[in-house]
Amino acid sequence: MLFSRNQVIRNIRRKPLILVGLVSLVALVYLAFVGTTLAAGQRSTKKYSYSKKGGLWLGSKNKDLVILHNLPDNHILHYDLNKLAATADVLGNEGEVLILTPMTKFLPEYWANLNKLSYDHSMISLGFIFPRNAEGDQALKLLEQAVKETQATKGRFKKITMLRQDTDALDLQLEKERHALKVQKERRAMMAVARNSLLFTTISPKTSWVLWLDADIVETPPTLLHDMMAHKKPVLSANVYQRYLDENGAPAIRPYDFNNWIESEDGLKIAEGMNDDEIIVEGYHELATYRPLMAHHYDDKGDKNAEMPLDGVGGGAVLVNADVHRDGAMFPPFPFYHLIETEGFAKMAKRLGYEVVGLPNYLVYHYNE
Ligand code: GDP
Ligand code: MN
């Protein structure tokens, strides 16, 4: 300690310039801090909010929250600057992950892949939402069984949440029925509501990343989380393909998800001519948008880490920085710029100022019914 409190007060009384000096110093340090934050291109958002009980929540965005409850009147804030700096620094190379899956069917391959993830399982929480029908009940039962086995072992996940939709499900479970254009708006709106319910009931102040992973993605690398996080993108979508046997019975692959796309002139023109409540869904010849689709940009000899900017995303395997959701990006169950669900989500993230990116050469595989 340089001076005692009394010494400081005495000095200030004698030499008022010291006070001016001190105030300027504090202002300078503050400006330098704000300056570097802005220079680093980070969006400055509020760092404090009051909890109901009068406690103060304090953190560097979501990265590390220090929760102080029932502060005395002359409260002093304690926080670990190193910790805040470290977490801000790695911006997403660490932190808690929330894997969210809307699920109509339980596929053992999907579950096996989660269990093989190389990321520390004690840092991973899982969330599921099931439709309110017989298929959903069956999936829930099988998942509960699988969870019991996993959670009894060393690789247990931090937390698992299972929800049942509070709305009725559409019973269109064949691939052909699900994909008919005329049912898309209703079906995608229902899916959007399911995703929102799942997200808003499971995200926590500690969640750094949300991975949206469909239940029928049956092949993903164990390094999926590390691989995707390394890109440090607010929204990052993998390319969803499907394995099949070609006409000679030889194993082959083909594109599956056409919702990862770049907006086109034709797409914008179609949207312009639409009524407020109409939506564009990608991959239908009735609505020829000529949008560049990520599914068609796969290059088997290309760099796995190649990136491409996107305007729309699907839900197959999408890594979202949790701040994007916290800032308000969700899955619109209504036409938003004539887009809905995951495609509407990408638009909303972009309207919030976030970059949306795809990995054309990073493949994950969809189940083949
Ligand atoms: P597609 O691959 O584009 O045909 O879409 P899916 O039918 O596979 O749906 C995407 C994801 O949502 C998958 O994980 C499904 O299991 C899940 N899903 C599909 N329909 C429903 C539903 O009615 N309720 C819930 N909760 N999940 C659903
Ligand atoms: Mn699917």
# chains A, B, ... in the order shown; residues from 1 in each chain; ligands from 1
$ closest_atom_pairs --of "chain A" --to "ligand 1" --cutoff "9 Å" --atoms "only C-alpha atoms and all ligand atoms" --output "Markdown table"
| residue | atom | partner | partner_atom_place_in_ligand_line | distance |
| --- | --- | --- | --- | --- |
| A:Thr101 | CA | ligand 1 | 14 (O) | 5.8 |
| A:Pro102 | CA | ligand 1 | 27 (N) | 4.0 |
| A:Met103 | CA | ligand 1 | 16 (O) | 3.6 |
| A:Thr104 | CA | ligand 1 | 16 (O) | 3.9 |
| A:Lys105 | CA | ligand 1 | 16 (O) | 5.4 |
| A:Phe106 | CA | ligand 1 | 16 (O) | 7.8 |
| A:Phe128 | CA | ligand 1 | 26 (N) | 7.7 |
| A:Ile129 | CA | ligand 1 | 26 (N) | 4.6 |
| A:Phe130 | CA | ligand 1 | 26 (N) | 3.9 |
| A:Pro131 | CA | ligand 1 | 24 (N) | 4.0 |
| A:Arg132 | CA | ligand 1 | 24 (N) | 7.5 |
| A:Asn133 | CA | ligand 1 | 23 (O) | 8.6 |
| A:Gly136 | CA | ligand 1 | 24 (N) | 7.5 |
| A:Leu163 | CA | ligand 1 | 26 (N) | 8.4 |
| A:Arg164 | CA | ligand 1 | 26 (N) | 7.2 |
| A:Gln165 | CA | ligand 1 | 26 (N) | 6.3 |
| A:Asp168 | CA | ligand 1 | 23 (O) | 8.1 |
| A:Ala169 | CA | ligand 1 | 23 (O) | 4.8 |
| A:Leu170 | CA | ligand 1 | 23 (O) | 5.9 |
| A:Asp171 | CA | ligand 1 | 23 (O) | 7.4 |
| A:Leu172 | CA | ligand 1 | 20 (N) | 8.1 |
| A:Gln173 | CA | ligand 1 | 7 (O) | 6.7 |
| A:Leu174 | CA | ligand 1 | 7 (O) | 8.2 |
| A:Glu175 | CA | ligand 1 | 4 (O) | 5.8 |
| A:Lys176 | CA | ligand 1 | 4 (O) | 8.5 |
| A:Arg178 | CA | ligand 1 | 4 (O) | 6.0 |
| A:His179 | CA | ligand 1 | 4 (O) | 6.4 |
| A:Arg187 | CA | ligand 1 | 23 (O) | 7.6 |
| A:Arg188 | CA | ligand 1 | 20 (N) | 8.9 |
| A:Met190 | CA | ligand 1 | 23 (O) | 6.9 |
| A:Met191 | CA | ligand 1 | 22 (C) | 6.1 |
| A:Ala194 | CA | ligand 1 | 26 (N) | 5.6 |
| A:Arg195 | CA | ligand 1 | 26 (N) | 7.6 |
| A:Leu198 | CA | ligand 1 | 26 (N) | 8.8 |
| A:Leu213 | CA | ligand 1 | 14 (O) | 7.1 |
| A:Asp214 | CA | ligand 1 | 14 (O) | 3.6 |
| A:Ala215 | CA | ligand 1 | 14 (O) | 3.7 |
| A:Asp216 | CA | ligand 1 | 14 (O) | 5.5 |
| A:Ile217 | CA | ligand 1 | 14 (O) | 7.7 |
| A:Tyr256 | CA | ligand 1 | 2 (O) | 8.0 |
| A:Asp257 | CA | ligand 1 | 3 (O) | 6.9 |
| A:Phe258 | CA | ligand 1 | 3 (O) | 8.9 |
| A:Asn259 | CA | ligand 1 | 3 (O) | 8.7 |
| A:Gly314 | CA | ligand 1 | 3 (O) | 7.9 |
| A:Gly315 | CA | ligand 1 | 10 (C) | 7.0 |
| A:Gly316 | CA | ligand 1 | 10 (C) | 7.2 |
| A:His366 | CA | ligand 1 | 2 (O) | 7.5 |
| A:Tyr367 | CA | ligand 1 | 2 (O) | 8.5 |
$ residues_around --residues "region 262-276 of chain A" --least-positions-apart "5" --cutoff "6 Å" --atoms "only C-alpha atoms" --output "VMD selection string"
chain A and resid 289 291 to 292 310 to 311
$ closest_atom_pairs --of "region 183-242 of chain A" --to "region 326-345 of chain A" --cutoff "10 Å" --atoms "only C-alpha atoms" --output "Markdown table"
| residue | atom | partner | partner_atom | distance |
| --- | --- | --- | --- | --- |
| A:Gln184 | CA | A:Ile340 | CA | 9.7 |
| A:Lys185 | CA | A:Ile340 | CA | 7.8 |
| A:Glu186 | CA | A:Pro333 | CA | 8.9 |
| A:Arg187 | CA | A:Pro333 | CA | 9.6 |
| A:Arg188 | CA | A:Glu341 | CA | 6.0 |
| A:Ala189 | CA | A:Pro333 | CA | 4.2 |
| A:Met190 | CA | A:Pro333 | CA | 6.9 |
| A:Met191 | CA | A:Glu341 | CA | 7.0 |
| A:Ala192 | CA | A:Glu341 | CA | 4.7 |
| A:Val193 | CA | A:Pro333 | CA | 6.0 |
| A:Ala194 | CA | A:Phe331 | CA | 9.2 |
| A:Arg195 | CA | A:Phe331 | CA | 6.9 |
| A:Asn196 | CA | A:Phe331 | CA | 6.2 |
| A:Ser197 | CA | A:Phe331 | CA | 9.9 |
| A:Leu199 | CA | A:Met330 | CA | 8.4 |
| A:Phe200 | CA | A:Met330 | CA | 9.2 |
| A:Ile203 | CA | A:Arg326 | CA | 8.6 |
| A:Ser204 | CA | A:Arg326 | CA | 9.7 |
| A:Pro205 | CA | A:Arg326 | CA | 9.2 |
| A:Thr207 | CA | A:Arg326 | CA | 9.9 |
| A:Val235 | CA | A:Phe345 | CA | 9.9 |
$ atom_distance --atom1 "CA of Pro309 (chain A)" --atom2 "CA of Val356 (chain A)"
6.1 Å
